[in-house]
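> Once you've had a glance at the structure underneath, I'll fire off some questions.
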Number of protein chains: 2
Amino acid sequence: MIEIRELGRYVGEAVDLGGWVETKRGHGKVAFVVLRDGTGSVQCVLVKKQVDPATWDAFESLTQESVVLVTGEVRADERAPGGFEIGVSSLKVAGLAAEYPIQPKEHGVDFLLDHRHLWLRSSLQRAGLMVRAEVEQAVHDFFYGRGFVRIDTPILTGAIGEHAGTLFETDYFGERAFLAQTGQLYVEAACPAFRKVYCFGPTFRAEKSKTRRHLTEFWMVEPEVAFADSDDNMRLQEDFVSYLVERALENCREELALLERDTSRLEHVRPPFPRISYTDAIGRLKAVGSEIEWGSDLGAADEQILTESYDLPLFVYNYPKQAKAFYMKENPDDPRTVLCDDLLAPEGYGEIIGGSQREDDLDRLRERIREEELPEAAYSWYLDLRRYGTFPHSGFGLGVERTVAWITGRRHIRELIPFPRLMNRLFP
Amino acid sequence: MIEIRELGRYVGEAVDLGGWVETKRGHGKVAFVVLRDGTGSVQCVLVKKQVDPATWDAFESLTQESVVLVTGEVRADERAPGGFEIGVSSLKVAGLAAEYPIQPKEHGVDFLLDHRHLWLRSSLQRAGLMVRAEVEQAVHDFFYGRGFVRIDTPILTGAIGEHAGTLFETDYFGERAFLAQTGQLYVEAACPAFRKVYCFGPTFRAEKSKTRRHLTEFWMVEPEVAFADSDDNMRLQEDFVSYLVERALENCREELALLERDTSRLEHVRPPFPRISYTDAIGRLKAVGSEIEWGSDLGAADEQILTESYDLPLFVYNYPKQAKAFYMKENPDDPRTVLCDDLLAPEGYGEIIGGSQREDDLDRLRERIREEELPEAAYSWYLDLRRYGTFPHSGFGLGVERTVAWITGRRHIRELIPFPRLMNRLFP
């Protein structure tokens with residue numbers, strides 16, 4: 001059996017195909033079946049006089065999404081989508097489908113999410129997830145190519161990552177364990193062993209949030225680099241994001257076209273990205289009438305205003321200490337702020353990266369843990385990294401679904417993960 | 001600042017290095033510091049007369065694992081490990097380390113695991129995890145190169161994967177959620193969309209097991225292929241495992257040497273691998289005096305006996321239905337058995353893969369779910385895959401840590417994951 005994507009190599013030859021019936025139509029003497037096999041679609045043509053009765057009967061019985069095994073000749077045909085069609089000599093039903101729930105009409109999103117295991121077969125969903133898969137391979141290729149060592153960080157942890165109160169908890173043989181919100185603290189521990197490391201995996205937030213930009217389970221890539229400062233960190237981020245976009249443009253042309261993505265908005269995504277300090281950002285927001293005060297984190301609306309005038313992702317750097325996580329390094333030039341950055345994607349997509357230089361001073365870090373009222377004992381190993389050879393280091397976390405939503409131009413990140421987990425959705 | 005692995009490009013030039021002090025020694029007039037920067041180690045030589053007093057004082061203050069910034073000339077030196085040494089002109093302490101807990105002596109394994117965040121810096125641990133990282137990149141390259149689409153499957157699930165009773169559970173906004181034991185059911189759902197898919201991520205078993213081959217959290221790669229039967233499945237497995245071994249041999253020579261791995265045992269790992277049916281395996285075990293009866297799963301001791309006479313991984317195929325999971329396809333030639341295989345690594349390493357053709361008959365699958373007393377409602381979406389275009393398909397799961405343990409020749413899989421989770425270990 002061959003795959004539909006390989007048809008070009010078999011023109012004029014008889015091949016075996018297997019796949020799912022997308023549509024069928026017949027005119028009494030000639031019939032057409034559009035077959036999808038996961039690598040492409042092709043029209044199969046049956047001429048009643050030229051096939052045996054069993055094949056014609058099989059055609060007549062076909063329902064949407066039934067699985068068929070087809071033998072036929074590959075014909076080049078410029079009018080056909082994909083450029084080929086199959087002149088069928090034999091067709092067998094391998095699995096007759098019951099009436100398929102998803103019809104070529106508008107369905108509500110709840111219905112579609114309830115049927116996510118079937119909705120995956122739809123062309124727009126397939127295209128979005130193909131881009132996701134390409135971006136993920138690009139993530140690994142980027143870091144592997146630069147000599148980073150992949151470090152898989154644990155999901156089950158005793159230590160809280162960032163935000164107590166938004167943790168999923170489980171019983172771990174009598175102890176309390178939390179599902180990781182981040183792998184960062186662990187990749188920091190791996191830096192003295194490997195210098196440049198990254199983790200890539202699922203992270204969890206038990207947030208009661210229902211926006212189009214939140215999932216309770218989402219994937220993050222988190223690099224960490226020894227002897228890198230906040231400026232190095234931003235340079236790595238712009239190189240990385242540019243590479244991901246480039247790979248999608250290079251290898252997902254068809255998918256982006258199907259998604260009607262305006263790729264001209266992506267073509268020029270190249271370093272350097274513009275940068276603005278948090279303090280300047282507040283000034284700019286106030287100048288256009290915002291009521292935001294210095295000290296607050298930026299909201300989605302603020303991000304929208306700031307990014308409007310750029311067609312590249314925008315760095316906002318050095319936020320106030322109280323708006324950010326405990327592990328970020330105090331800014332020696334302005335101790336009210338920390339050496340950090342958020343990277344905001346254009347076109348209203350907003351934050352796709354949060355990064356920072358890490359606090360490498362033992363006393364200041366311990367003080368911040370106490371200020372945040374985090375359980376110090378759970379962080380004793382993390383503090384050890386400052387006791388035994390502390391070192392300047394920086395890193396960031398990029399959210400996979402948000403990044404792919406931006407690259408594909410999709411509004412809801414729930415479509416860019418195969419099986420989204422939302423506050424009210426644990427199924428399928 | 002450059003990396004130690006790049007020294008060869010800078011012979012005769014002055015460079016800046018940063019890293020951790022592995023050892024130091026001095027003779028009053030000349031001093032030596034072995035510096036590790038995560039990409040390699042190099043000896044730095046200080047001549048008292050040629051450096052300023054601040055640099056000499058800095059040297060004197062150094063403790064194990066202190067972080068230093070060094071400027072000096074790169075000299076080629078055949079006697080030096082790595083082939084280079086640094087003639088230091090300046091040395092600064094960036095982070096003086098407190099007395100380091102891990103000394104160059106024997107420590108108990110509990111002590112080392114308690115200090116896993118520091119133990120990672122040891123050369124054998126680094127070597128093992130470097131091989132892991134290479135194998136993981138090879139996993140992605142293998143499937144990407146063959147046109148598989150990566151599908152990230154959910155960790156938080158309503159459905160039980162295989163073994164009720166060994167599940168971690170969490171409250172999910174008032175519902176019960178389980179941590180996934182496998183992504184398999186979900187990759188099966190993605191087959192009709194993409195034909196060939198795989199997932200790669202952490203999986204969880206709340207097993208009260210303390211063997212050297214068990215972790216409560218471990219990483220698996222699980223490919224799934226539409227229109228592949230059990231035989232195709234075994235061929236994919238032997239190609240895949242051979243590729244992983246080849247990549248480790250190609251790119252981890254130094255690490256395998258450090259680990260004292262006898263790589264001659266790996267060089268000939270090439271398809272095809274030997275195959276024996278479960279029924280023949282039982283015959284062979286009985287012939288050498290085993291008391292095992294047809295119907296039981298094989299234990300570690302049985303696997304040991306079977307693999308002894310092979311220097312390649314060994315497939316044992318078509319196990320009894322009652323010894324295997326509910327989703328495996330009944331063997332039409334012997335309905336007491338299912339179309340499945342375990343792949344046993346040689347040298348006593350045992351099972352690294354479990355694979356099977358999946359039951360694609362709706363009624364038989366439902367019957368098996370009932371026999372196993374699994375909650376049918378939680379599997380309704382999985383049964384849908386048999387209602388709406390059922391198709392022959394097969395897949396397998398390879399355990400990353402077990403595979404890397406075999407490739408590296410390490411006995412305990414807990415060393416081949418950065419932060420192992422064991423029954424009594426959730427920290428660091």
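Every chain in the structure tokens takes a letter, A first, then B, and so on in the order presented; its residues are numbered from 1, and the ligands are numbered from 1 following the presented order.
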Please report as number ranges by chain which residues of chain B come no farther than 6 Å from chain A, using only C-alpha atoms.

B: 38, 65-67, 95-98, 117, 121, 133, 150, 169-170, 189, 193-195, 387-390

> Could those residues be written to a file, using N, CA and C atoms, as a short mmCIF file (atom, residue, chain, number, x, y, z; two decimals), in the first residue's frame?


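Full text of again26.cif as output:
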```
data_model
loop_
_atom_site.label_atom_id
_atom_site.label_comp_id
_atom_site.auth_asym_id
_atom_site.auth_seq_id
_atom_site.Cartn_x
_atom_site.Cartn_y
_atom_site.Cartn_z
N GLY B 38 30.53 22.78 31.43
CA GLY B 38 29.33 22.12 30.93
C GLY B 38 29.49 21.63 29.50
N GLU B 65 33.73 23.64 43.15
CA GLU B 65 32.47 24.12 42.57
C GLU B 65 32.31 25.64 42.61
N SER B 66 33.34 26.34 43.06
CA SER B 66 33.27 27.80 42.94
C SER B 66 33.25 28.17 41.46
N VAL B 67 32.62 29.30 41.16
CA VAL B 67 32.51 29.76 39.78
C VAL B 67 33.56 30.83 39.52
N GLY B 95 31.44 33.29 42.05
CA GLY B 95 30.59 32.73 43.10
C GLY B 95 31.38 31.73 43.91
N LEU B 96 31.74 32.13 45.14
CA LEU B 96 32.51 31.23 45.98
C LEU B 96 31.57 30.18 46.55
N ALA B 97 31.94 28.90 46.41
CA ALA B 97 31.05 27.83 46.87
C ALA B 97 31.31 27.47 48.31
N ALA B 98 30.21 27.24 49.06
CA ALA B 98 30.34 26.65 50.40
C ALA B 98 30.85 25.22 50.24
N HIS B 117 20.19 17.41 42.46
CA HIS B 117 20.39 18.71 41.80
C HIS B 117 21.88 19.06 41.71
N ARG B 121 26.08 17.10 38.20
CA ARG B 121 27.34 17.67 37.71
C ARG B 121 28.44 16.62 37.57
N ALA B 133 19.73 12.61 25.93
CA ALA B 133 19.35 13.75 25.08
C ALA B 133 19.57 13.40 23.60
N ARG B 150 3.77 14.49 14.87
CA ARG B 150 3.80 14.44 16.33
C ARG B 150 2.46 14.93 16.90
N GLU B 169 -4.37 10.42 40.91
CA GLU B 169 -5.65 11.06 40.72
C GLU B 169 -5.57 12.50 41.20
N THR B 170 -6.32 13.39 40.56
CA THR B 170 -6.37 14.77 41.05
C THR B 170 -7.78 15.31 40.89
N ALA B 189 -6.72 7.95 17.90
CA ALA B 189 -7.73 8.88 17.37
C ALA B 189 -7.15 9.78 16.29
N ALA B 193 -6.65 11.14 10.88
CA ALA B 193 -6.32 12.49 10.42
C ALA B 193 -4.94 12.54 9.77
N PHE B 194 -3.99 11.75 10.27
CA PHE B 194 -2.60 11.91 9.84
C PHE B 194 -1.92 10.60 9.41
N ARG B 195 -2.61 9.51 9.54
CA ARG B 195 -2.11 8.17 9.15
C ARG B 195 -1.00 7.63 10.03
N ARG B 387 -16.61 2.92 15.36
CA ARG B 387 -17.94 3.18 14.77
C ARG B 387 -17.82 3.95 13.45
N TYR B 388 -16.92 4.89 13.43
CA TYR B 388 -16.85 5.81 12.30
C TYR B 388 -15.60 5.57 11.46
N GLY B 389 -15.61 4.47 10.74
CA GLY B 389 -14.48 4.18 9.85
C GLY B 389 -13.37 3.45 10.56
N THR B 390 -13.68 2.24 11.02
CA THR B 390 -12.64 1.46 11.71
C THR B 390 -11.60 1.00 10.71
#
```

> Near stretch 334-345 of chain A, counting only C-alpha atoms, which residues have an atom at most 10 Å away, once you skip same-chain residues fewer than 6 positions from it, shown as a PyMOL selection string?

chain A and resi 229-231+233-234+237-238+241+273-279+295+303-304+306-307+310-328+351-359+394-398+402-403+406-407

> Residues of stretch 196-392 of chain B in helix (DSSP H, G or I) according to DSSP, as a short mmCIF file (atom, residue, chain, number, x, y, z; two decimals) with N, CA, C and O atoms, in the first residue's frame?


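Printed below is result.cif as written:
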```cif
data_model
loop_
_atom_site.label_atom_id
_atom_site.label_comp_id
_atom_site.auth_asym_id
_atom_site.auth_seq_id
_atom_site.Cartn_x
_atom_site.Cartn_y
_atom_site.Cartn_z
N SER B 230 0.54 -6.36 12.70
CA SER B 230 1.50 -6.66 13.76
C SER B 230 2.91 -6.90 13.20
O SER B 230 3.91 -6.54 13.82
N ASP B 231 2.96 -7.47 12.02
CA ASP B 231 4.25 -7.73 11.39
C ASP B 231 4.93 -6.41 10.96
O ASP B 231 6.12 -6.20 11.23
N ASP B 232 4.17 -5.53 10.31
CA ASP B 232 4.69 -4.20 9.98
C ASP B 232 5.20 -3.50 11.24
O ASP B 232 6.22 -2.82 11.24
N ASN B 233 4.45 -3.67 12.31
CA ASN B 233 4.75 -3.03 13.58
C ASN B 233 6.12 -3.48 14.10
O ASN B 233 6.94 -2.66 14.51
N MET B 234 6.37 -4.77 14.03
CA MET B 234 7.67 -5.27 14.50
C MET B 234 8.80 -4.77 13.61
O MET B 234 9.89 -4.47 14.09
N ARG B 235 8.52 -4.64 12.32
CA ARG B 235 9.57 -4.13 11.43
C ARG B 235 9.89 -2.67 11.75
O ARG B 235 11.05 -2.25 11.74
N LEU B 236 8.85 -1.90 12.05
CA LEU B 236 9.09 -0.50 12.44
C LEU B 236 9.92 -0.44 13.73
O LEU B 236 10.85 0.36 13.86
N GLN B 237 9.60 -1.32 14.67
CA GLN B 237 10.32 -1.34 15.95
C GLN B 237 11.80 -1.64 15.77
O GLN B 237 12.65 -0.99 16.38
N GLU B 238 12.11 -2.62 14.93
CA GLU B 238 13.53 -2.97 14.80
C GLU B 238 14.30 -1.88 14.04
O GLU B 238 15.45 -1.59 14.36
N ASP B 239 13.64 -1.24 13.07
CA ASP B 239 14.28 -0.10 12.39
C ASP B 239 14.54 1.04 13.39
O ASP B 239 15.60 1.66 13.39
N PHE B 240 13.53 1.29 14.20
CA PHE B 240 13.59 2.41 15.14
C PHE B 240 14.68 2.19 16.19
O PHE B 240 15.54 3.05 16.41
N VAL B 241 14.66 1.04 16.83
CA VAL B 241 15.64 0.76 17.89
C VAL B 241 17.06 0.75 17.30
O VAL B 241 17.99 1.28 17.91
N SER B 242 17.21 0.21 16.11
CA SER B 242 18.54 0.20 15.49
C SER B 242 19.03 1.62 15.23
O SER B 242 20.21 1.93 15.42
N TYR B 243 18.09 2.48 14.81
CA TYR B 243 18.46 3.88 14.55
C TYR B 243 18.90 4.59 15.83
O TYR B 243 19.89 5.33 15.84
N LEU B 244 18.19 4.34 16.91
CA LEU B 244 18.55 4.99 18.18
C LEU B 244 19.96 4.57 18.61
O LEU B 244 20.77 5.40 19.04
N VAL B 245 20.23 3.29 18.49
CA VAL B 245 21.56 2.77 18.88
C VAL B 245 22.64 3.39 17.98
O VAL B 245 23.69 3.83 18.47
N GLU B 246 22.34 3.44 16.69
CA GLU B 246 23.31 3.99 15.73
C GLU B 246 23.64 5.45 16.06
O GLU B 246 24.81 5.85 16.02
N ARG B 247 22.61 6.23 16.39
CA ARG B 247 22.84 7.64 16.69
C ARG B 247 23.69 7.81 17.95
O ARG B 247 24.56 8.68 18.01
N ALA B 248 23.42 6.96 18.95
CA ALA B 248 24.23 7.04 20.18
C ALA B 248 25.68 6.68 19.88
O ALA B 248 26.60 7.35 20.34
N LEU B 249 25.87 5.65 19.07
CA LEU B 249 27.25 5.25 18.72
C LEU B 249 27.95 6.34 17.93
O LEU B 249 29.14 6.60 18.11
N GLU B 250 27.20 6.99 17.07
CA GLU B 250 27.77 8.02 16.21
C GLU B 250 28.16 9.27 16.99
O GLU B 250 29.23 9.84 16.76
N ASN B 251 27.28 9.70 17.88
CA ASN B 251 27.44 11.02 18.49
C ASN B 251 27.80 11.02 19.96
O ASN B 251 27.96 12.09 20.54
N ARG B 253 30.34 8.84 21.42
CA ARG B 253 31.52 8.00 21.63
C ARG B 253 32.19 8.27 22.97
O ARG B 253 32.49 7.37 23.73
N GLU B 254 32.44 9.55 23.24
CA GLU B 254 33.14 9.91 24.48
C GLU B 254 32.35 9.52 25.72
O GLU B 254 32.91 9.01 26.68
N GLU B 255 31.06 9.79 25.67
CA GLU B 255 30.21 9.47 26.82
C GLU B 255 30.18 7.96 27.07
O GLU B 255 30.27 7.51 28.21
N LEU B 256 30.05 7.18 26.01
CA LEU B 256 29.99 5.72 26.17
C LEU B 256 31.33 5.18 26.67
O LEU B 256 31.36 4.24 27.47
N ALA B 257 32.41 5.80 26.24
CA ALA B 257 33.73 5.39 26.73
C ALA B 257 33.85 5.68 28.23
O ALA B 257 34.30 4.84 29.01
N LEU B 258 33.43 6.87 28.62
CA LEU B 258 33.47 7.26 30.02
C LEU B 258 32.64 6.30 30.88
O LEU B 258 33.00 5.96 32.01
N SER B 264 31.04 -2.86 21.48
CA SER B 264 31.00 -3.96 20.50
C SER B 264 29.67 -4.71 20.63
O SER B 264 29.21 -5.33 19.69
N ARG B 265 29.04 -4.64 21.80
CA ARG B 265 27.74 -5.28 22.00
C ARG B 265 26.63 -4.54 21.27
O ARG B 265 25.52 -5.04 21.13
N LEU B 266 26.90 -3.30 20.88
CA LEU B 266 25.86 -2.48 20.23
C LEU B 266 26.06 -2.37 18.72
O LEU B 266 25.11 -2.15 17.98
N GLU B 267 27.32 -2.52 18.29
CA GLU B 267 27.65 -2.25 16.88
C GLU B 267 26.81 -3.06 15.91
O GLU B 267 26.50 -2.61 14.82
N TYR B 278 5.19 -16.45 21.82
CA TYR B 278 5.02 -16.69 23.26
C TYR B 278 4.94 -18.18 23.54
O TYR B 278 5.57 -18.69 24.47
N THR B 279 4.16 -18.90 22.73
CA THR B 279 3.95 -20.32 22.96
C THR B 279 5.28 -21.09 22.84
O THR B 279 5.59 -21.94 23.70
N ASP B 280 6.07 -20.76 21.85
CA ASP B 280 7.39 -21.39 21.73
C ASP B 280 8.30 -20.99 22.90
O ASP B 280 9.11 -21.80 23.37
N ALA B 281 8.16 -19.75 23.34
CA ALA B 281 8.97 -19.29 24.47
C ALA B 281 8.66 -20.11 25.71
O ALA B 281 9.58 -20.52 26.45
N ILE B 282 7.38 -20.37 25.94
CA ILE B 282 7.00 -21.20 27.10
C ILE B 282 7.62 -22.59 26.98
O ILE B 282 8.17 -23.13 27.96
N GLY B 283 7.56 -23.15 25.77
CA GLY B 283 8.17 -24.46 25.55
C GLY B 283 9.65 -24.45 25.88
O GLY B 283 10.16 -25.33 26.58
N ARG B 284 10.31 -23.38 25.43
CA ARG B 284 11.75 -23.29 25.67
C ARG B 284 12.05 -23.14 27.17
O ARG B 284 13.00 -23.73 27.69
N LEU B 285 11.23 -22.36 27.86
CA LEU B 285 11.44 -22.15 29.30
C LEU B 285 11.23 -23.45 30.06
O LEU B 285 12.00 -23.80 30.96
N LYS B 286 10.17 -24.19 29.68
CA LYS B 286 9.90 -25.47 30.37
C LYS B 286 11.04 -26.46 30.14
O LYS B 286 11.41 -27.21 31.04
N ALA B 287 11.58 -26.44 28.92
CA ALA B 287 12.66 -27.36 28.58
C ALA B 287 13.88 -27.15 29.47
O ALA B 287 14.66 -28.08 29.71
N ALA B 300 10.74 -11.24 34.87
CA ALA B 300 12.10 -10.78 34.53
C ALA B 300 13.05 -11.98 34.39
O ALA B 300 13.90 -12.01 33.49
N ALA B 301 12.89 -12.99 35.24
CA ALA B 301 13.77 -14.16 35.19
C ALA B 301 13.56 -14.94 33.89
O ALA B 301 14.52 -15.41 33.27
N ASP B 302 12.30 -15.06 33.48
CA ASP B 302 12.00 -15.75 32.21
C ASP B 302 12.63 -14.99 31.04
O ASP B 302 13.23 -15.59 30.14
N GLU B 303 12.47 -13.66 31.06
CA GLU B 303 13.05 -12.85 29.98
C GLU B 303 14.55 -13.04 29.91
O GLU B 303 15.14 -13.12 28.84
N GLN B 304 15.15 -13.12 31.08
CA GLN B 304 16.61 -13.31 31.16
C GLN B 304 17.02 -14.60 30.46
O GLN B 304 17.93 -14.61 29.64
N ILE B 305 16.33 -15.68 30.78
CA ILE B 305 16.65 -16.98 30.17
C ILE B 305 16.50 -16.91 28.64
O ILE B 305 17.36 -17.37 27.89
N LEU B 306 15.39 -16.30 28.20
CA LEU B 306 15.11 -16.26 26.76
C LEU B 306 16.14 -15.44 26.00
O LEU B 306 16.54 -15.80 24.89
N THR B 307 16.58 -14.32 26.57
CA THR B 307 17.45 -13.42 25.84
C THR B 307 18.91 -13.85 25.89
O THR B 307 19.71 -13.41 25.07
N GLU B 308 19.24 -14.73 26.84
CA GLU B 308 20.63 -15.14 27.04
C GLU B 308 21.33 -15.59 25.76
O GLU B 308 22.50 -15.31 25.53
N LYS B 321 -4.31 -13.69 25.65
CA LYS B 321 -5.19 -12.54 25.84
C LYS B 321 -5.20 -12.07 27.29
O LYS B 321 -5.12 -10.88 27.57
N GLN B 322 -5.29 -13.02 28.23
CA GLN B 322 -5.47 -12.62 29.63
C GLN B 322 -4.23 -11.96 30.23
O GLN B 322 -4.30 -11.32 31.26
N ALA B 323 -3.08 -12.10 29.55
CA ALA B 323 -1.86 -11.49 30.08
C ALA B 323 -1.66 -10.07 29.57
O ALA B 323 -0.74 -9.38 30.00
N LEU B 362 -15.65 -3.39 16.69
CA LEU B 362 -16.38 -2.67 17.74
C LEU B 362 -16.91 -3.62 18.82
O LEU B 362 -16.72 -3.37 20.02
N ASP B 363 -17.56 -4.70 18.40
CA ASP B 363 -18.19 -5.59 19.38
C ASP B 363 -17.17 -6.29 20.26
O ASP B 363 -17.33 -6.38 21.48
N ARG B 364 -16.11 -6.78 19.62
CA ARG B 364 -15.09 -7.47 20.42
C ARG B 364 -14.40 -6.51 21.39
O ARG B 364 -14.11 -6.87 22.53
N LEU B 365 -14.18 -5.28 20.95
CA LEU B 365 -13.52 -4.31 21.83
C LEU B 365 -14.41 -3.98 23.03
O LEU B 365 -13.95 -3.94 24.17
N ARG B 366 -15.71 -3.81 22.74
CA ARG B 366 -16.64 -3.49 23.83
C ARG B 366 -16.70 -4.65 24.84
O ARG B 366 -16.73 -4.45 26.06
N GLU B 367 -16.69 -5.85 24.30
CA GLU B 367 -16.71 -7.04 25.14
C GLU B 367 -15.48 -7.08 26.07
O GLU B 367 -15.59 -7.38 27.25
N ARG B 368 -14.32 -6.75 25.50
CA ARG B 368 -13.10 -6.76 26.31
C ARG B 368 -13.13 -5.68 27.40
O ARG B 368 -12.67 -5.91 28.52
N ILE B 369 -13.70 -4.51 27.06
CA ILE B 369 -13.82 -3.45 28.07
C ILE B 369 -14.70 -3.93 29.22
O ILE B 369 -14.40 -3.70 30.40
N ARG B 370 -15.78 -4.65 28.87
CA ARG B 370 -16.67 -5.18 29.92
C ARG B 370 -15.98 -6.27 30.73
O ARG B 370 -16.09 -6.29 31.95
N GLU B 371 -15.28 -7.17 30.05
CA GLU B 371 -14.57 -8.24 30.77
C GLU B 371 -13.58 -7.68 31.79
O GLU B 371 -13.42 -8.23 32.87
N GLU B 376 -17.25 1.88 30.90
CA GLU B 376 -17.50 1.97 29.46
C GLU B 376 -17.74 3.40 28.99
O GLU B 376 -17.31 3.79 27.90
N ALA B 377 -18.40 4.20 29.83
CA ALA B 377 -18.71 5.57 29.42
C ALA B 377 -17.44 6.36 29.13
O ALA B 377 -17.38 7.15 28.18
N ALA B 378 -16.40 6.12 29.93
CA ALA B 378 -15.14 6.85 29.73
C ALA B 378 -14.49 6.48 28.40
O ALA B 378 -13.65 7.22 27.89
N TYR B 379 -14.88 5.33 27.86
CA TYR B 379 -14.28 4.87 26.59
C TYR B 379 -15.19 5.09 25.40
O TYR B 379 -14.89 4.60 24.31
N SER B 380 -16.30 5.80 25.58
CA SER B 380 -17.24 5.95 24.46
C SER B 380 -16.55 6.59 23.26
O SER B 380 -16.76 6.20 22.12
N TRP B 381 -15.69 7.59 23.52
CA TRP B 381 -15.02 8.25 22.39
C TRP B 381 -14.05 7.30 21.70
O TRP B 381 -13.87 7.34 20.49
N TYR B 382 -13.44 6.42 22.50
CA TYR B 382 -12.49 5.45 21.94
C TYR B 382 -13.23 4.43 21.07
O TYR B 382 -12.77 4.05 20.00
N LEU B 383 -14.41 4.04 21.53
CA LEU B 383 -15.24 3.13 20.73
C LEU B 383 -15.71 3.81 19.43
O LEU B 383 -15.88 3.15 18.40
N ASP B 384 -15.90 5.12 19.47
CA ASP B 384 -16.28 5.88 18.25
C ASP B 384 -15.29 5.62 17.11
O ASP B 384 -15.67 5.64 15.94
N LEU B 385 -14.03 5.40 17.46
CA LEU B 385 -13.02 5.18 16.41
C LEU B 385 -13.32 3.88 15.65
O LEU B 385 -12.87 3.71 14.52
N ARG B 386 -14.07 2.99 16.26
CA ARG B 386 -14.50 1.75 15.59
C ARG B 386 -15.87 1.92 14.94
O ARG B 386 -16.26 1.12 14.09
N ARG B 387 -16.61 2.92 15.36
CA ARG B 387 -17.94 3.18 14.77
C ARG B 387 -17.82 3.95 13.45
O ARG B 387 -18.57 3.72 12.52
#
```

> What does the structure give for the distance between atom CA of B:Ala405 and atom CA of B:Tyr349, in Å to one decimal?

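Answer for the atom CA of B:Ala405 to atom CA of B:Tyr349 separation: 7.9 Å.
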
> Report as a short mmCIF file (atom, residue, chain, number, x, y, z; two decimals) with N, CA and C atoms, in the first residue's frame: the residues of stretch 232-377 of chain B with a DSSP assignment of strand (DSSP E or B), based on the backbone of this structure.


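What follows is the written file states06.cif:
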```cif
data_model
loop_
_atom_site.label_atom_id
_atom_site.label_comp_id
_atom_site.auth_asym_id
_atom_site.auth_seq_id
_atom_site.Cartn_x
_atom_site.Cartn_y
_atom_site.Cartn_z
N ARG B 275 12.79 -13.44 16.35
CA ARG B 275 11.42 -13.48 16.86
C ARG B 275 11.08 -14.87 17.36
N ILE B 276 10.35 -14.92 18.45
CA ILE B 276 9.87 -16.20 18.96
C ILE B 276 8.44 -15.98 19.46
N SER B 277 7.56 -16.93 19.18
CA SER B 277 6.19 -16.77 19.66
C SER B 277 6.17 -17.03 21.16
N LEU B 314 15.24 -9.26 21.24
CA LEU B 314 14.42 -10.42 20.87
C LEU B 314 12.93 -10.05 20.95
N PHE B 315 12.20 -10.32 19.87
CA PHE B 315 10.74 -10.17 19.90
C PHE B 315 10.10 -11.44 20.46
N VAL B 316 9.24 -11.29 21.44
CA VAL B 316 8.34 -12.37 21.83
C VAL B 316 6.94 -11.90 21.43
N TYR B 317 6.25 -12.70 20.61
CA TYR B 317 5.00 -12.19 20.04
C TYR B 317 3.81 -13.10 20.34
N PRO B 320 -0.87 -14.62 25.42
CA PRO B 320 -2.26 -14.95 25.76
C PRO B 320 -3.07 -13.68 26.06
N MET B 328 -5.82 -4.98 22.59
CA MET B 328 -5.03 -5.72 21.61
C MET B 328 -5.93 -6.62 20.76
N GLU B 330 -7.47 -9.61 18.78
CA GLU B 330 -7.53 -11.06 18.86
C GLU B 330 -6.83 -11.66 17.63
N THR B 337 -4.97 -16.02 21.89
CA THR B 337 -3.85 -15.07 21.92
C THR B 337 -4.22 -13.77 21.22
N VAL B 338 -3.37 -12.76 21.41
CA VAL B 338 -3.55 -11.46 20.74
C VAL B 338 -2.32 -11.15 19.89
N CYS B 340 0.40 -9.24 19.30
CA CYS B 340 1.20 -8.26 20.05
C CYS B 340 2.64 -8.71 20.10
N ASP B 341 3.49 -7.85 20.61
CA ASP B 341 4.88 -8.23 20.83
C ASP B 341 5.48 -7.44 21.97
N ASP B 342 6.41 -8.06 22.66
CA ASP B 342 7.31 -7.36 23.57
C ASP B 342 8.69 -7.45 22.95
N LEU B 343 9.44 -6.36 23.03
CA LEU B 343 10.82 -6.41 22.56
C LEU B 343 11.74 -6.41 23.78
N LEU B 344 12.54 -7.49 23.89
CA LEU B 344 13.41 -7.65 25.06
C LEU B 344 14.85 -7.31 24.67
N ALA B 345 15.44 -6.35 25.38
CA ALA B 345 16.82 -5.97 25.11
C ALA B 345 17.76 -7.05 25.66
N GLY B 350 16.01 -6.68 29.34
CA GLY B 350 14.57 -7.02 29.30
C GLY B 350 13.74 -6.04 28.51
N GLU B 351 12.43 -6.04 28.81
CA GLU B 351 11.46 -5.33 27.98
C GLU B 351 11.76 -3.83 27.83
N ILE B 352 11.87 -3.39 26.59
CA ILE B 352 11.97 -1.96 26.33
C ILE B 352 10.79 -1.47 25.48
N ILE B 353 10.08 -2.40 24.83
CA ILE B 353 8.92 -2.04 24.01
C ILE B 353 7.79 -3.03 24.27
N GLY B 354 6.56 -2.51 24.31
CA GLY B 354 5.37 -3.34 24.18
C GLY B 354 4.57 -2.80 23.01
N GLY B 355 4.18 -3.68 22.11
CA GLY B 355 3.43 -3.22 20.94
C GLY B 355 2.32 -4.17 20.59
N SER B 356 1.39 -3.70 19.76
CA SER B 356 0.33 -4.61 19.31
C SER B 356 -0.42 -4.02 18.13
N GLN B 357 -1.07 -4.92 17.39
CA GLN B 357 -2.15 -4.48 16.50
C GLN B 357 -3.35 -4.24 17.41
N ARG B 358 -4.16 -3.23 17.07
CA ARG B 358 -5.26 -2.87 17.96
C ARG B 358 -6.55 -3.55 17.53
#
```
